[in-house]
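Everything below concerns the one structure shown next.
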Amino acid sequence: MIRGIKGVKDILPDEAPRWQVIEGAARRLSSLYGYREIRVPVFEVTDLFARSIGASTDIVEKEMYTFQDRDGSSLTLRPEATAGVVRAYIEHNLGASPTPQKFFYLGPMFRHERPQAGRLRQFHQYGVESFGSTSPQADVEVVSLLWRFLSELGLPGLTLEINSLGDAADRLAYKAVLLDFLKQHEERLCQNCRRRMGTNPLRVLDCKVPSCRTATEGAPKLTDHLAPASLRHFEEVLAGLNALAVPYLLNPRLVRGLDYYTLTTFEVTSQHLGAQNAVGAGGRYDGLVEALGGPKTPAIGFAVGLERVALMLPESALPGRAKMIYVAAFGQQGVPLGTRILHELRARGLQANTDYRSATLKAHLRQADRLGASFVLIAGDDEAQKGLLILRDMTSKEQQEIPISTAAQTLATRLASA
RNA sequence: GUGGGUGUAGCUCAACGGUUAGAGCGCUGGACUGUGGCUCCAGAGGUUGCGGGUUCGAAACCCGUCACUCACCCCA
């Protein structure tokens with residue numbers, strides 16, 4: 001038997017409705033906030049990801065699905081979508097537009113990691129990107145859209161944490177201060193963090209090892225080392241969130257994994273997930289467009305892990321089943337009659353179904369029950385003979401004879417009133 | 001990449017190293033000759049993940065391997 005690839009899952013029909021609800025909310029809210037859909041390719045030139053996400057990040061170093069094209073060039077399945085959206089933004093000169101460029105996307109991403117609860121190799125994200133504005137109001141819009149999306153789906157136990165990483169200069173200055181501090185406490189840090197001191201000292205603050213946490217307790221805070229402009233931006237973002245009553249927690253240790261973030265960063269977690277408790281996250285990336293060869297353009301966005309959303313989606317968020325008519329056709333003349341009436345119902349736009357394997361009325365009714373039919377149209381030889389059909393209401397068990405010619409019309413009105 | 005847990009019927013799980021590997025649910029049929037759900041009866045369904053080993057005897061113990069899963073790491 002050929003099996004699916006490790007960490008790559010089928011979404012079966014039983015589960016598809018959950019996804020439709022989630023994607024529907026994403027589309028509806030995005031357009032409500034003025035974000036238009038953009039569809040970028042699932043694979044790009046490898047260099048794009050290396051340059052945007054950061055060459056020394058885990059994603060780029062060991063998690064990308066990279067392969068050689070026939071001409072020898074290196075291609076990669078996207079581990080996230082921001083890089084591709086930015087590439088498209090630059091390539092099509094979308095910044096030249098007089099209107100703000102705000103996009104959303106939905107689709108699969110690929111990272112070669114060991115799968116676990118809420119982490120797959122092919123997973124799906126919903127995300128938005130807002131280009132062109134340095135205004136804190138843009139930050140507030142993006143964060144509040146993320147918050148609204150998650151809370152409107154009724155996800156339990158959510159926490160929004162927020163921080164500011166400062167601009168590039170702030171971070172450079174702070175890194176030096178932080179490194180000084182870390183060196184003084186190096187012997188109390190875990191092996192991993194000692195290594196991180198060389199590669200990305202900010203992430204030492206994010207370490208979950210308890211001893212590291214206590215060691216960095218008194219570490220200088222990034223938010224205390226922001227330039228006045230950065231600080232003001234951050235304060236205005238927080239004020240904006242307050243005004244919209246979006247509940248947040250300040251977390252000076254919050255450091256996102258991708259290199260391109262600047263200023264505002266945020267993350268929403270849930271207690272109802274496993275160890276992978278981040279549902280959605282994002283931040284500002286004012287330097288990325290320029291770094292990828294475009295015009296200097298501020299931008300901010302977020303990404304949501306849809307598998308993680310699906311894991312938490314409450315049953316109450318799912319819609320009830322639509323009314324369906326089951327056609328029970330059996331016997332020499334019943335079967336062709338049933339085929340005809342089935343076609344007629346569907347032509348009228350009514351949901352209609354049958355089971356071609358069932359040869360007896362009993363078997364048909366059992367299937368109708370399982371499929372959740374509201375009504376059954378019985379078409380046996382007797383009915384064909386008399387030129388009528390029996391309409392059975394599956395909840396009340398009431399039956400009535402109706403002429404074949406008006407059957408579809410009758411059902412249409414019965415369903416409309418029900 | 002590292003560590004733990006688990007692999008037995010379609011699903012959820014039993015079976016002290018000892019007869020022919022069982023149960024519940026589900027499935028098919030019947031009781032009910034053309035009327036679903038409930039009940040009762042019968043039936044179908046298995047390479048015990050795979051390969052080796054220990055043993056008179058292995059689903060069970062050992063080794064290997066694969067898969068799934070949780071966690072580390074990291075991230076959405």
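Labels used: A, B, ... for chains in the order of the structure tokens, numbers from 1 for residues in each chain, and numbers from 1 for ligands as shown.
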Write down, as a PyMOL selection string, each residue of chain A that has any atom within 9 Å of an atom of chain B, counting only C-alpha atoms (C1' of nucleotides).
chain A and resi 58-59+113+116-119+123-125+257+275-276+278-281+303-308+360-370+380+394
Just N, CA and C atoms for this one: save the residues we selected as a short mmCIF file (atom, residue, chain, number, x, y, z; two decimals), in the first residue's frame.
```
data_model
loop_
_atom_site.label_atom_id
_atom_site.label_comp_id
_atom_site.auth_asym_id
_atom_site.auth_seq_id
_atom_site.Cartn_x
_atom_site.Cartn_y
_atom_site.Cartn_z
N ASP A 58 16.43 28.43 11.71
CA ASP A 58 16.21 26.99 11.58
C ASP A 58 15.46 26.67 10.30
N ILE A 59 14.50 27.52 9.97
CA ILE A 59 13.69 27.26 8.79
C ILE A 59 14.57 27.11 7.56
N GLU A 113 9.92 19.21 9.28
CA GLU A 113 10.14 19.10 10.71
C GLU A 113 9.59 17.76 11.16
N GLN A 116 4.30 16.68 15.09
CA GLN A 116 3.75 16.43 16.42
C GLN A 116 2.41 17.14 16.48
N ALA A 117 1.78 17.17 17.66
CA ALA A 117 0.47 17.78 17.75
C ALA A 117 0.53 19.23 17.26
N GLY A 118 -0.27 19.53 16.24
CA GLY A 118 -0.32 20.90 15.73
C GLY A 118 0.87 21.28 14.88
N ARG A 119 1.67 20.31 14.46
CA ARG A 119 2.79 20.62 13.58
C ARG A 119 2.92 19.57 12.49
N PHE A 123 1.35 22.25 6.04
CA PHE A 123 0.33 22.84 6.91
C PHE A 123 -0.24 24.06 6.19
N HIS A 124 -1.27 24.64 6.78
CA HIS A 124 -1.95 25.73 6.06
C HIS A 124 -1.98 27.00 6.88
N GLN A 125 -1.82 28.08 6.19
CA GLN A 125 -1.86 29.37 6.87
C GLN A 125 -2.82 30.32 6.19
N GLY A 257 10.82 34.39 15.39
CA GLY A 257 11.92 33.63 14.84
C GLY A 257 12.47 34.13 13.51
N ALA A 275 2.20 21.37 22.90
CA ALA A 275 3.39 22.18 23.11
C ALA A 275 3.47 23.29 22.07
N GLN A 276 2.92 23.02 20.90
CA GLN A 276 2.92 24.03 19.84
C GLN A 276 1.71 24.92 20.04
N ALA A 278 1.29 28.29 19.66
CA ALA A 278 1.10 29.54 18.93
C ALA A 278 0.07 29.33 17.82
N VAL A 279 -0.99 30.11 17.86
CA VAL A 279 -2.03 29.99 16.84
C VAL A 279 -1.75 30.94 15.68
N GLY A 280 -1.32 32.14 16.05
CA GLY A 280 -1.07 33.14 15.02
C GLY A 280 -0.04 34.12 15.53
N ALA A 281 0.71 34.71 14.63
CA ALA A 281 1.76 35.63 15.03
C ALA A 281 2.13 36.52 13.86
N ALA A 303 0.39 35.76 10.33
CA ALA A 303 0.06 34.45 9.76
C ALA A 303 -0.60 33.62 10.85
N VAL A 304 -1.59 32.84 10.45
CA VAL A 304 -2.31 31.98 11.38
C VAL A 304 -2.16 30.54 10.94
N GLY A 305 -1.87 29.65 11.88
CA GLY A 305 -1.78 28.22 11.55
C GLY A 305 -3.17 27.60 11.58
N LEU A 306 -3.67 27.22 10.41
CA LEU A 306 -5.06 26.78 10.34
C LEU A 306 -5.30 25.41 10.96
N GLU A 307 -4.32 24.52 10.91
CA GLU A 307 -4.47 23.23 11.59
C GLU A 307 -4.72 23.47 13.07
N ARG A 308 -3.98 24.42 13.62
CA ARG A 308 -4.13 24.71 15.06
C ARG A 308 -5.49 25.32 15.33
N THR A 360 -33.88 -2.60 -2.13
CA THR A 360 -35.18 -2.74 -1.45
C THR A 360 -35.52 -1.42 -0.76
N LEU A 361 -36.79 -1.23 -0.49
CA LEU A 361 -37.22 0.00 0.17
C LEU A 361 -36.58 0.13 1.55
N LYS A 362 -36.48 -0.99 2.24
CA LYS A 362 -35.89 -1.01 3.58
C LYS A 362 -34.46 -0.48 3.52
N ALA A 363 -33.69 -1.00 2.58
CA ALA A 363 -32.30 -0.58 2.45
C ALA A 363 -32.22 0.91 2.11
N HIS A 364 -33.13 1.35 1.25
CA HIS A 364 -33.15 2.76 0.87
C HIS A 364 -33.43 3.66 2.07
N LEU A 365 -34.43 3.29 2.83
CA LEU A 365 -34.80 4.13 3.98
C LEU A 365 -33.68 4.18 5.02
N ARG A 366 -33.00 3.05 5.15
CA ARG A 366 -31.88 3.03 6.09
C ARG A 366 -30.80 4.02 5.63
N GLN A 367 -30.52 4.00 4.34
CA GLN A 367 -29.52 4.92 3.82
C GLN A 367 -29.98 6.36 3.93
N ALA A 368 -31.25 6.59 3.66
CA ALA A 368 -31.81 7.94 3.77
C ALA A 368 -31.61 8.46 5.19
N ASP A 369 -31.84 7.59 6.14
CA ASP A 369 -31.67 7.95 7.54
C ASP A 369 -30.23 8.32 7.84
N ARG A 370 -29.33 7.48 7.37
CA ARG A 370 -27.90 7.72 7.62
C ARG A 370 -27.43 9.01 6.97
N GLY A 380 -41.35 3.13 -6.51
CA GLY A 380 -41.33 1.70 -6.80
C GLY A 380 -42.19 1.42 -8.02
N MET A 394 -39.32 12.51 6.88
CA MET A 394 -38.54 11.61 7.72
C MET A 394 -38.64 11.92 9.21
#
```
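With only C-alpha atoms (C1' of nucleotides) taken into account, the protein and nucleic acid residues at most 9 Å from Ser130 (chain A) (excluding it and anything under 3 positions from it in its own chain) are Tyr35, Pro100, Gln101, Lys102, Phe103, Phe104, Ser133, Ala138, Asp139, Val142, Pro298, Ala299, Ile300 and Gly301 of chain A.
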Could you take the residues named above and write them with all heavy atoms, as a JSON list (two decimals), in the first residue's frame?
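Result file is selection19.json:
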```
[["chain", "number", "residue", "atom", "x", "y", "z"],
["A", 35, "TYR", "N", -8.83, 43.96, 2.81],
["A", 35, "TYR", "CA", -7.70, 43.16, 2.31],
["A", 35, "TYR", "C", -8.18, 42.31, 1.14],
["A", 35, "TYR", "O", -9.23, 41.68, 1.23],
["A", 35, "TYR", "CB", -7.14, 42.27, 3.43],
["A", 35, "TYR", "CG", -6.44, 43.06, 4.50],
["A", 35, "TYR", "CD1", -7.17, 43.83, 5.41],
["A", 35, "TYR", "CD2", -5.06, 43.08, 4.58],
["A", 35, "TYR", "CE1", -6.53, 44.59, 6.38],
["A", 35, "TYR", "CE2", -4.41, 43.84, 5.55],
["A", 35, "TYR", "CZ", -5.15, 44.60, 6.44],
["A", 35, "TYR", "OH", -4.52, 45.35, 7.39],
["A", 100, "PRO", "N", -3.62, 52.08, -0.79],
["A", 100, "PRO", "CA", -2.83, 51.19, 0.06],
["A", 100, "PRO", "C", -2.96, 49.76, -0.42],
["A", 100, "PRO", "O", -4.03, 49.34, -0.87],
["A", 100, "PRO", "CB", -3.43, 51.38, 1.45],
["A", 100, "PRO", "CG", -4.71, 52.12, 1.27],
["A", 100, "PRO", "CD", -4.70, 52.76, -0.06],
["A", 101, "GLN", "N", -1.89, 49.02, -0.35],
["A", 101, "GLN", "CA", -1.89, 47.65, -0.84],
["A", 101, "GLN", "C", -2.00, 46.71, 0.35],
["A", 101, "GLN", "O", -1.06, 46.52, 1.12],
["A", 101, "GLN", "CB", -0.63, 47.39, -1.64],
["A", 101, "GLN", "CG", -0.54, 48.23, -2.91],
["A", 101, "GLN", "CD", -1.65, 47.91, -3.89],
["A", 101, "GLN", "OE1", -1.69, 46.80, -4.43],
["A", 101, "GLN", "NE2", -2.56, 48.85, -4.13],
["A", 102, "LYS", "N", -3.19, 46.14, 0.49],
["A", 102, "LYS", "CA", -3.43, 45.22, 1.61],
["A", 102, "LYS", "C", -3.94, 43.89, 1.05],
["A", 102, "LYS", "O", -4.92, 43.84, 0.34],
["A", 102, "LYS", "CB", -4.47, 45.83, 2.56],
["A", 102, "LYS", "CG", -4.09, 47.23, 3.04],
["A", 102, "LYS", "CD", -4.86, 47.64, 4.28],
["A", 102, "LYS", "CE", -6.32, 47.83, 4.02],
["A", 102, "LYS", "NZ", -7.03, 48.31, 5.24],
["A", 103, "PHE", "N", -3.22, 42.83, 1.40],
["A", 103, "PHE", "CA", -3.52, 41.51, 0.83],
["A", 103, "PHE", "C", -3.78, 40.47, 1.90],
["A", 103, "PHE", "O", -3.29, 40.58, 3.01],
["A", 103, "PHE", "CB", -2.33, 41.02, 0.00],
["A", 103, "PHE", "CG", -1.82, 42.02, -0.99],
["A", 103, "PHE", "CD1", -0.55, 42.57, -0.83],
["A", 103, "PHE", "CD2", -2.59, 42.43, -2.06],
["A", 103, "PHE", "CE1", -0.07, 43.50, -1.74],
["A", 103, "PHE", "CE2", -2.12, 43.36, -2.97],
["A", 103, "PHE", "CZ", -0.86, 43.89, -2.81],
["A", 104, "PHE", "N", -4.53, 39.44, 1.51],
["A", 104, "PHE", "CA", -4.58, 38.25, 2.36],
["A", 104, "PHE", "C", -4.35, 37.03, 1.48],
["A", 104, "PHE", "O", -4.52, 37.08, 0.27],
["A", 104, "PHE", "CB", -5.92, 38.14, 3.11],
["A", 104, "PHE", "CG", -7.07, 37.61, 2.29],
["A", 104, "PHE", "CD1", -7.35, 36.24, 2.28],
["A", 104, "PHE", "CD2", -7.87, 38.45, 1.53],
["A", 104, "PHE", "CE1", -8.42, 35.74, 1.53],
["A", 104, "PHE", "CE2", -8.94, 37.96, 0.78],
["A", 104, "PHE", "CZ", -9.21, 36.60, 0.78],
["A", 133, "SER", "N", 2.31, 51.71, 4.90],
["A", 133, "SER", "CA", 2.07, 52.64, 6.00],
["A", 133, "SER", "C", 2.98, 52.39, 7.18],
["A", 133, "SER", "O", 3.14, 51.26, 7.62],
["A", 133, "SER", "CB", 0.61, 52.54, 6.45],
["A", 133, "SER", "OG", 0.43, 53.36, 7.59],
["A", 138, "ALA", "N", -1.92, 51.18, 11.34],
["A", 138, "ALA", "CA", -1.83, 49.98, 10.50],
["A", 138, "ALA", "C", -1.55, 48.76, 11.37],
["A", 138, "ALA", "O", -2.13, 47.69, 11.17],
["A", 138, "ALA", "CB", -0.75, 50.16, 9.44],
["A", 139, "ASP", "N", -0.66, 48.94, 12.36],
["A", 139, "ASP", "CA", -0.36, 47.84, 13.29],
["A", 139, "ASP", "C", -1.64, 47.42, 14.02],
["A", 139, "ASP", "O", -1.94, 46.24, 14.17],
["A", 139, "ASP", "CB", 0.69, 48.27, 14.33],
["A", 139, "ASP", "CG", 1.97, 48.78, 13.69],
["A", 139, "ASP", "OD1", 1.87, 49.56, 12.73],
["A", 139, "ASP", "OD2", 3.06, 48.39, 14.15],
["A", 142, "VAL", "N", -4.04, 45.44, 11.86],
["A", 142, "VAL", "CA", -3.62, 44.06, 11.62],
["A", 142, "VAL", "C", -3.81, 43.21, 12.88],
["A", 142, "VAL", "O", -4.36, 42.10, 12.81],
["A", 142, "VAL", "CB", -2.14, 44.03, 11.14],
["A", 142, "VAL", "CG1", -1.57, 42.63, 11.24],
["A", 142, "VAL", "CG2", -2.05, 44.55, 9.72],
["A", 298, "PRO", "N", 7.41, 50.34, 4.17],
["A", 298, "PRO", "CA", 7.04, 49.75, 5.44],
["A", 298, "PRO", "C", 5.94, 48.72, 5.24],
["A", 298, "PRO", "O", 5.16, 48.82, 4.28],
["A", 298, "PRO", "CB", 6.53, 50.94, 6.26],
["A", 298, "PRO", "CG", 6.02, 51.90, 5.22],
["A", 298, "PRO", "CD", 6.89, 51.72, 4.00],
["A", 299, "ALA", "N", 5.88, 47.74, 6.11],
["A", 299, "ALA", "CA", 4.85, 46.70, 5.97],
["A", 299, "ALA", "C", 4.64, 45.99, 7.29],
["A", 299, "ALA", "O", 5.52, 45.97, 8.15],
["A", 299, "ALA", "CB", 5.26, 45.71, 4.89],
["A", 300, "ILE", "N", 3.45, 45.41, 7.42],
["A", 300, "ILE", "CA", 3.15, 44.63, 8.62],
["A", 300, "ILE", "C", 2.16, 43.54, 8.26],
["A", 300, "ILE", "O", 1.33, 43.72, 7.35],
["A", 300, "ILE", "CB", 2.60, 45.53, 9.75],
["A", 300, "ILE", "CG1", 2.30, 44.70, 11.00],
["A", 300, "ILE", "CG2", 1.38, 46.32, 9.31],
["A", 300, "ILE", "CD1", 2.09, 45.54, 12.24],
["A", 301, "GLY", "N", 2.25, 42.41, 8.94],
["A", 301, "GLY", "CA", 1.34, 41.32, 8.62],
["A", 301, "GLY", "C", 1.29, 40.29, 9.73],
["A", 301, "GLY", "O", 1.98, 40.41, 10.74]]
```
Write out as an MDAnalysis selection string all residues of region 161-371 of chain A that backbone DSSP assigns to strand (DSSP E).
chainID A and resid 161:164 249:250 262:270 278:284 299:305 325:329 352:353
Filtered DSSP result for region 161-362 of chain A, state alpha helix (DSSP H), as a ChimeraX atom specification:
/A:168-184,191-199,210-215,228-243,288-291,306-312,334-347,361-362
Need to verify the contact set: U65 (chain B), 12 Å, only C-alpha atoms (C1' of nucleotides), exclusion of same-chain residues closer than 5 positions in sequence. Can you return it as a PDB file with all heavy atoms, in the first residue's frame?
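Result file part.pdb:
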```pdb
ATOM      1  P     G B  49       1.287  -6.479  15.293  1.00  0.00           P
ATOM      2  OP1   G B  49       2.470  -7.203  15.792  1.00  0.00           O
ATOM      3  OP2   G B  49       0.670  -5.399  16.078  1.00  0.00           O
ATOM      4  O5'   G B  49       1.666  -5.924  13.837  1.00  0.00           O
ATOM      5  C5'   G B  49       0.641  -5.641  12.887  1.00  0.00           C
ATOM      6  C4'   G B  49       1.294  -5.095  11.652  1.00  0.00           C
ATOM      7  O4'   G B  49       1.878  -3.805  11.965  1.00  0.00           O
ATOM      8  C3'   G B  49       2.446  -5.945  11.131  1.00  0.00           C
ATOM      9  O3'   G B  49       2.000  -6.982  10.290  1.00  0.00           O
ATOM     10  C2'   G B  49       3.292  -4.910  10.393  1.00  0.00           C
ATOM     11  O2'   G B  49       2.731  -4.620   9.121  1.00  0.00           O
ATOM     12  C1'   G B  49       3.104  -3.667  11.288  1.00  0.00           C
ATOM     13  N9    G B  49       4.183  -3.539  12.281  1.00  0.00           N
ATOM     14  C8    G B  49       4.061  -3.596  13.658  1.00  0.00           C
ATOM     15  N7    G B  49       5.207  -3.440  14.273  1.00  0.00           N
ATOM     16  C5    G B  49       6.127  -3.270  13.253  1.00  0.00           C
ATOM     17  C6    G B  49       7.526  -3.054  13.305  1.00  0.00           C
ATOM     18  O6    G B  49       8.256  -2.970  14.299  1.00  0.00           O
ATOM     19  N1    G B  49       8.063  -2.936  12.031  1.00  0.00           N
ATOM     20  C2    G B  49       7.357  -3.013  10.854  1.00  0.00           C
ATOM     21  N2    G B  49       8.054  -2.880   9.737  1.00  0.00           N
ATOM     22  N3    G B  49       6.056  -3.211  10.797  1.00  0.00           N
ATOM     23  C4    G B  49       5.506  -3.328  12.017  1.00  0.00           C
ATOM     24  P     C B  50       2.728  -8.423  10.343  1.00  0.00           P
ATOM     25  OP1   C B  50       1.957  -9.341   9.486  1.00  0.00           O
ATOM     26  OP2   C B  50       3.021  -8.785  11.746  1.00  0.00           O
ATOM     27  O5'   C B  50       4.118  -8.102   9.634  1.00  0.00           O
ATOM     28  C5'   C B  50       4.170  -7.703   8.273  1.00  0.00           C
ATOM     29  C4'   C B  50       5.583  -7.362   7.889  1.00  0.00           C
ATOM     30  O4'   C B  50       6.018  -6.194   8.649  1.00  0.00           O
ATOM     31  C3'   C B  50       6.625  -8.416   8.232  1.00  0.00           C
ATOM     32  O3'   C B  50       6.695  -9.447   7.272  1.00  0.00           O
ATOM     33  C2'   C B  50       7.899  -7.585   8.298  1.00  0.00           C
ATOM     34  O2'   C B  50       8.385  -7.285   7.010  1.00  0.00           O
ATOM     35  C1'   C B  50       7.388  -6.303   8.954  1.00  0.00           C
ATOM     36  N1    C B  50       7.550  -6.324  10.426  1.00  0.00           N
ATOM     37  C2    C B  50       8.824  -6.048  10.948  1.00  0.00           C
ATOM     38  O2    C B  50       9.746  -5.806  10.155  1.00  0.00           O
ATOM     39  N3    C B  50       9.007  -6.055  12.296  1.00  0.00           N
ATOM     40  C4    C B  50       7.985  -6.325  13.095  1.00  0.00           C
ATOM     41  N4    C B  50       8.221  -6.311  14.403  1.00  0.00           N
ATOM     42  C5    C B  50       6.679  -6.613  12.592  1.00  0.00           C
ATOM     43  C6    C B  50       6.511  -6.605  11.262  1.00  0.00           C
ATOM     44  P     G B  51       7.119 -10.942   7.773  1.00  0.00           P
ATOM     45  OP1   G B  51       6.958 -11.826   6.592  1.00  0.00           O
ATOM     46  OP2   G B  51       6.429 -11.271   9.032  1.00  0.00           O
ATOM     47  O5'   G B  51       8.666 -10.782   8.089  1.00  0.00           O
ATOM     48  C5'   G B  51       9.567 -10.422   7.049  1.00  0.00           C
ATOM     49  C4'   G B  51      10.975 -10.336   7.560  1.00  0.00           C
ATOM     50  O4'   G B  51      11.116  -9.168   8.411  1.00  0.00           O
ATOM     51  C3'   G B  51      11.419 -11.478   8.461  1.00  0.00           C
ATOM     52  O3'   G B  51      11.765 -12.644   7.734  1.00  0.00           O
ATOM     53  C2'   G B  51      12.599 -10.860   9.190  1.00  0.00           C
ATOM     54  O2'   G B  51      13.744 -10.810   8.370  1.00  0.00           O
ATOM     55  C1'   G B  51      12.084  -9.432   9.421  1.00  0.00           C
ATOM     56  N9    G B  51      11.446  -9.300  10.735  1.00  0.00           N
ATOM     57  C8    G B  51      10.108  -9.383  11.046  1.00  0.00           C
ATOM     58  N7    G B  51       9.868  -9.220  12.322  1.00  0.00           N
ATOM     59  C5    G B  51      11.121  -9.011  12.884  1.00  0.00           C
ATOM     60  C6    G B  51      11.497  -8.777  14.229  1.00  0.00           C
ATOM     61  O6    G B  51      10.774  -8.706  15.235  1.00  0.00           O
ATOM     62  N1    G B  51      12.875  -8.636  14.363  1.00  0.00           N
ATOM     63  C2    G B  51      13.779  -8.704  13.327  1.00  0.00           C
ATOM     64  N2    G B  51      15.057  -8.547  13.650  1.00  0.00           N
ATOM     65  N3    G B  51      13.441  -8.924  12.070  1.00  0.00           N
ATOM     66  C4    G B  51      12.107  -9.063  11.921  1.00  0.00           C
ATOM     67  P     G B  52      11.772 -14.076   8.524  1.00  0.00           P
ATOM     68  OP1   G B  52      12.301 -15.079   7.578  1.00  0.00           O
ATOM     69  OP2   G B  52      10.444 -14.285   9.143  1.00  0.00           O
ATOM     70  O5'   G B  52      12.816 -13.808   9.685  1.00  0.00           O
ATOM     71  C5'   G B  52      13.996 -14.566   9.762  1.00  0.00           C
ATOM     72  C4'   G B  52      14.994 -13.932  10.682  1.00  0.00           C
ATOM     73  O4'   G B  52      14.562 -12.606  11.078  1.00  0.00           O
ATOM     74  C3'   G B  52      15.186 -14.648  12.008  1.00  0.00           C
ATOM     75  O3'   G B  52      15.980 -15.813  11.883  1.00  0.00           O
ATOM     76  C2'   G B  52      15.814 -13.565  12.860  1.00  0.00           C
ATOM     77  O2'   G B  52      17.167 -13.357  12.529  1.00  0.00           O
ATOM     78  C1'   G B  52      14.990 -12.350  12.413  1.00  0.00           C
ATOM     79  N9    G B  52      13.796 -12.196  13.269  1.00  0.00           N
ATOM     80  C8    G B  52      12.481 -12.357  12.899  1.00  0.00           C
ATOM     81  N7    G B  52      11.644 -12.167  13.888  1.00  0.00           N
ATOM     82  C5    G B  52      12.460 -11.868  14.974  1.00  0.00           C
ATOM     83  C6    G B  52      12.132 -11.579  16.318  1.00  0.00           C
ATOM     84  O6    G B  52      11.006 -11.522  16.844  1.00  0.00           O
ATOM     85  N1    G B  52      13.265 -11.351  17.107  1.00  0.00           N
ATOM     86  C2    G B  52      14.550 -11.401  16.629  1.00  0.00           C
ATOM     87  N2    G B  52      15.522 -11.155  17.527  1.00  0.00           N
ATOM     88  N3    G B  52      14.876 -11.665  15.376  1.00  0.00           N
ATOM     89  C4    G B  52      13.792 -11.898  14.614  1.00  0.00           C
TER      90        G B  52
END
```
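Between CA of Leu342 (chain A) and CA of Asp14 (chain A) the separation is 24.2 Å.
Here CA of Pro201 (chain A) is placed at a distance of 15.1 Å from CA of Glu187 (chain A).
Compared by their closest atoms to Arg18 (chain A), and using only C-alpha atoms, the residues A:Ala96, A:Ala310, A:Ala329, A:Val376 rank with A:Ala310 nearest.
Nearest-residue note for Gly282 (chain A): choosing from A:Pro295, A:Gly349, A:Pro115, A:Gly127, the minimum distance belongs to A:Gly127, counting only C-alpha atoms.
Summary of the local environment: counting only C-alpha atoms (C1' of nucleotides), residues at most 12 Å from A31 (chain B), other than itself and those fewer than 4 positions away along its chain, are U39, C40, C41 and A42 of chain B.
The shell of residues at most 6 Å from region 243-256 of chain A, with only C-alpha atoms (C1' of nucleotides) counted and near chain neighbours (fewer than 5 positions) removed, consists of Leu160, Glu161, Ile162, Asn163, Leu205 and Asp206 of chain A.
Proximity to Arg340 (chain A) was assessed for A:Ile404, A:Tyr285, A:Gln399, A:Ala412 counting only C-alpha atoms; the smallest distance is recorded for A:Ile404.
Residues in contact with region 211-219 of chain A at 9 Å, where only C-alpha atoms (C1' of nucleotides) are counted and same-chain residues fewer than 2 positions away are skipped, are listed as Leu178, Phe181, Leu182, His185, Glu186, Arg188, Leu189, Cys190, Cys193, Val204, Leu205, Asp206, Cys207, Lys208, Val209 and Lys221 of chain A.
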Emit the selected residues as a compact mmCIF listing (two decimals), in the first residue's frame, including N, CA and C atoms.
```txt
# COMPACT_ATOMS: atom_id res chain seq x y z
N LEU A 178 22.75 43.69 25.63
CA LEU A 178 22.29 42.37 26.05
C LEU A 178 23.44 41.37 26.13
N PHE A 181 25.42 41.71 29.20
CA PHE A 181 24.73 41.09 30.33
C PHE A 181 24.86 39.57 30.30
N LEU A 182 24.63 38.99 29.11
CA LEU A 182 24.65 37.53 28.99
C LEU A 182 26.02 36.97 29.32
N HIS A 185 26.57 36.31 32.81
CA HIS A 185 25.78 35.22 33.40
C HIS A 185 25.88 33.94 32.59
N GLU A 186 26.90 33.87 31.76
CA GLU A 186 27.01 32.76 30.80
C GLU A 186 26.97 31.40 31.46
N ARG A 188 25.34 30.33 33.80
CA ARG A 188 24.01 29.90 34.24
C ARG A 188 23.11 29.54 33.05
N LEU A 189 23.60 29.73 31.86
CA LEU A 189 22.77 29.47 30.67
C LEU A 189 22.95 28.05 30.17
N CYS A 190 21.91 27.54 29.47
CA CYS A 190 22.01 26.20 28.89
C CYS A 190 22.93 26.23 27.68
N CYS A 193 21.64 28.12 24.71
CA CYS A 193 21.65 29.56 24.80
C CYS A 193 23.07 30.12 24.62
N VAL A 204 17.81 34.19 23.33
CA VAL A 204 18.10 33.68 24.67
C VAL A 204 16.97 34.09 25.62
N LEU A 205 16.40 35.26 25.38
CA LEU A 205 15.31 35.76 26.22
C LEU A 205 14.07 34.89 26.10
N ASP A 206 13.96 34.21 24.96
CA ASP A 206 12.77 33.43 24.64
C ASP A 206 12.90 31.98 25.10
N CYS A 207 14.08 31.63 25.65
CA CYS A 207 14.36 30.25 26.05
C CYS A 207 13.39 29.81 27.14
N LYS A 208 12.96 28.51 27.04
CA LYS A 208 11.97 28.03 28.00
C LYS A 208 12.62 27.33 29.20
N VAL A 209 13.93 27.06 29.09
CA VAL A 209 14.61 26.39 30.21
C VAL A 209 14.54 27.29 31.45
N LYS A 221 15.85 45.32 29.29
CA LYS A 221 14.70 45.11 28.41
C LYS A 221 14.87 45.92 27.13
```
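Considering the residues B:G17, B:G10, B:G24, B:G3 and counting only C-alpha atoms (C1' of nucleotides), U54 (chain B) has its shortest atom-to-atom contact with B:G17.
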What lies within 8 Å of Asp259 (chain A) using only C-alpha atoms (C1' of nucleotides), ignoring chain neighbours under 6 positions off, as a compact mmCIF listing (two decimals) with C-alpha atoms, in the first residue's frame?
```txt
# COMPACT_ATOMS: atom_id res chain seq x y z
CA SER A 52 13.97 37.16 3.60
CA ILE A 53 13.56 34.69 6.46
CA GLY A 54 17.22 34.81 7.39
CA THR A 57 17.25 30.59 10.98
```
